[in-house]
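Below you'll find the structure, written out as structure tokens, and then a few comments.
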Amino acid sequence: APPAAAAAGAVADGGAPLPCDGVVVEGSIVVNEAMLTGEPMPMHKVPVELSTENVVGKKSQVYAGTVCMQSTGPCEGKAVVVATTVGALTTRGQLVRAVLFPVSVRFKYNDQLPTVYALMIIFAAAVVLVNALWVNLPFVSLYLSNLNKVAQALSPMLPVSLAMGQSVAAVRLQRAHKIGVLQPGRIPIAGKISTMVFDKTGTITKDGMDLNAV
């Protein structure tokens, strides 16, 4: 069922993905949370315990997108779950949002750009001062010479060139290798990676084995 159809007291059907985050109030269910945790082991969820504290343990919480493998309870033989969050507010929705809108990466180069530009300004000022005091040229020639030296020392195209190079690299990855890049600023870091280790492999793999050849 879509998230909009999740009622306050929804019945968990066995073999179907859960449409919302919720709390088991009656019965019990067995869910596969490999999509979220990467662990393919089935998890047994029990009804929430009656308590005066507003605390719900993980043993009673279920999450959207996880597969309900078995459901037993008093409502037509199925468990009853109270929906707590739906749509983008669920754990799965927050995970998708974190992938689509990742945290921006701060590079040391970008943090040190003000210092670099300060040194370049000092260098340009020194060159202009030396050129104005010790070089005997007409005013127009001196002005054009100083302007040329300032343009060479303070290149305004430096940040533009870096951003354009990252954007071009992202387009080439998409066209040539079908690799989508959400943040082109991470591409320079990818060039330094020699080994990549996946821990939560359950989120990118599946259970069982397939026959490749005989």
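By convention here, the chains of the structure tokens are called A, B, ... in the order presented, each chain's residues are numbered starting at 1, and ligands are numbered starting at 1 in the order presented.
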
**Request:** Run DSSP on the backbone and give me the residues of segment 12-41 of chain A it puts in alpha helix (DSSP H), as a ChimeraX atom specification.
**Result:** /A:34-37

Output file for the selection above: N, CA, C and O atoms, as a PDB file, in the first residue's frame:
```
ATOM      1  N   ALA A  34      17.345  -5.748   5.714  1.00  0.00           N
ATOM      2  CA  ALA A  34      18.605  -5.651   4.974  1.00  0.00           C
ATOM      3  C   ALA A  34      18.687  -4.358   4.170  1.00  0.00           C
ATOM      4  O   ALA A  34      19.771  -3.825   3.945  1.00  0.00           O
ATOM      5  N   MET A  35      17.548  -3.834   3.749  1.00  0.00           N
ATOM      6  CA  MET A  35      17.548  -2.603   2.963  1.00  0.00           C
ATOM      7  C   MET A  35      18.081  -1.406   3.751  1.00  0.00           C
ATOM      8  O   MET A  35      18.679  -0.493   3.194  1.00  0.00           O
ATOM      9  N   LEU A  36      17.906  -1.437   5.070  1.00  0.00           N
ATOM     10  CA  LEU A  36      18.349  -0.337   5.916  1.00  0.00           C
ATOM     11  C   LEU A  36      19.659  -0.627   6.624  1.00  0.00           C
ATOM     12  O   LEU A  36      20.550   0.220   6.677  1.00  0.00           O
ATOM     13  N   THR A  37      19.775  -1.816   7.196  1.00  0.00           N
ATOM     14  CA  THR A  37      20.927  -2.131   8.042  1.00  0.00           C
ATOM     15  C   THR A  37      22.012  -2.901   7.314  1.00  0.00           C
ATOM     16  O   THR A  37      23.150  -2.934   7.773  1.00  0.00           O
TER      17      THR A  37
END
```

**Prompt:** Which polymer residues have any atom within 6 Å of an atom of segment 120-137 of chain A, counting only C-alpha atoms, with same-chain residues fewer than 4 positions away left out, as a list in words?
**Reply:**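 Skipping anything fewer than 4 positions along the chain leaves Leu142, Asn146, Val150 and Ala153 of chain A.
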
Create the file for the chosen residues now, containing N, CA and C atoms and written as a short mmCIF file (atom, residue, chain, number, x, y, z; two decimals), in the first residue's frame.
```
data_model
loop_
_atom_site.label_atom_id
_atom_site.label_comp_id
_atom_site.auth_asym_id
_atom_site.auth_seq_id
_atom_site.Cartn_x
_atom_site.Cartn_y
_atom_site.Cartn_z
N LEU A 142 53.18 52.62 -18.82
CA LEU A 142 53.32 52.15 -17.45
C LEU A 142 51.99 51.60 -16.91
N ASN A 146 51.46 47.73 -15.77
CA ASN A 146 51.00 47.35 -14.42
C ASN A 146 49.70 46.56 -14.47
N VAL A 150 49.17 42.80 -12.97
CA VAL A 150 48.13 42.49 -11.99
C VAL A 150 47.23 41.37 -12.50
N ALA A 153 49.08 38.13 -12.10
CA ALA A 153 49.25 37.68 -10.72
C ALA A 153 47.94 37.27 -10.08
#
```

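Coordinates place atom CA of Val82 of chain A at a distance of 6.8 Å from atom CA of Val25 of chain A.
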
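When only C-alpha atoms are used to measure the gap to Val96 of chain A, the shortest distance among A:Pro47, A:Gly65, A:Gln183, A:Leu158 belongs to A:Gly65.
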
**Request:** Enumerate the residues of chain A with a DSSP assignment of strand (DSSP E or B), computed from the backbone, and present them as a VMD selection string.
**Result:** chain A and resid 10 to 12 16 to 17 21 to 26 28 to 32 42 to 45 61 to 62 67 to 72 75 78 to 85

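Atom to atom, atom CA of Arg175 of chain A and atom CA of Val197 of chain A stand 25.6 Å apart.
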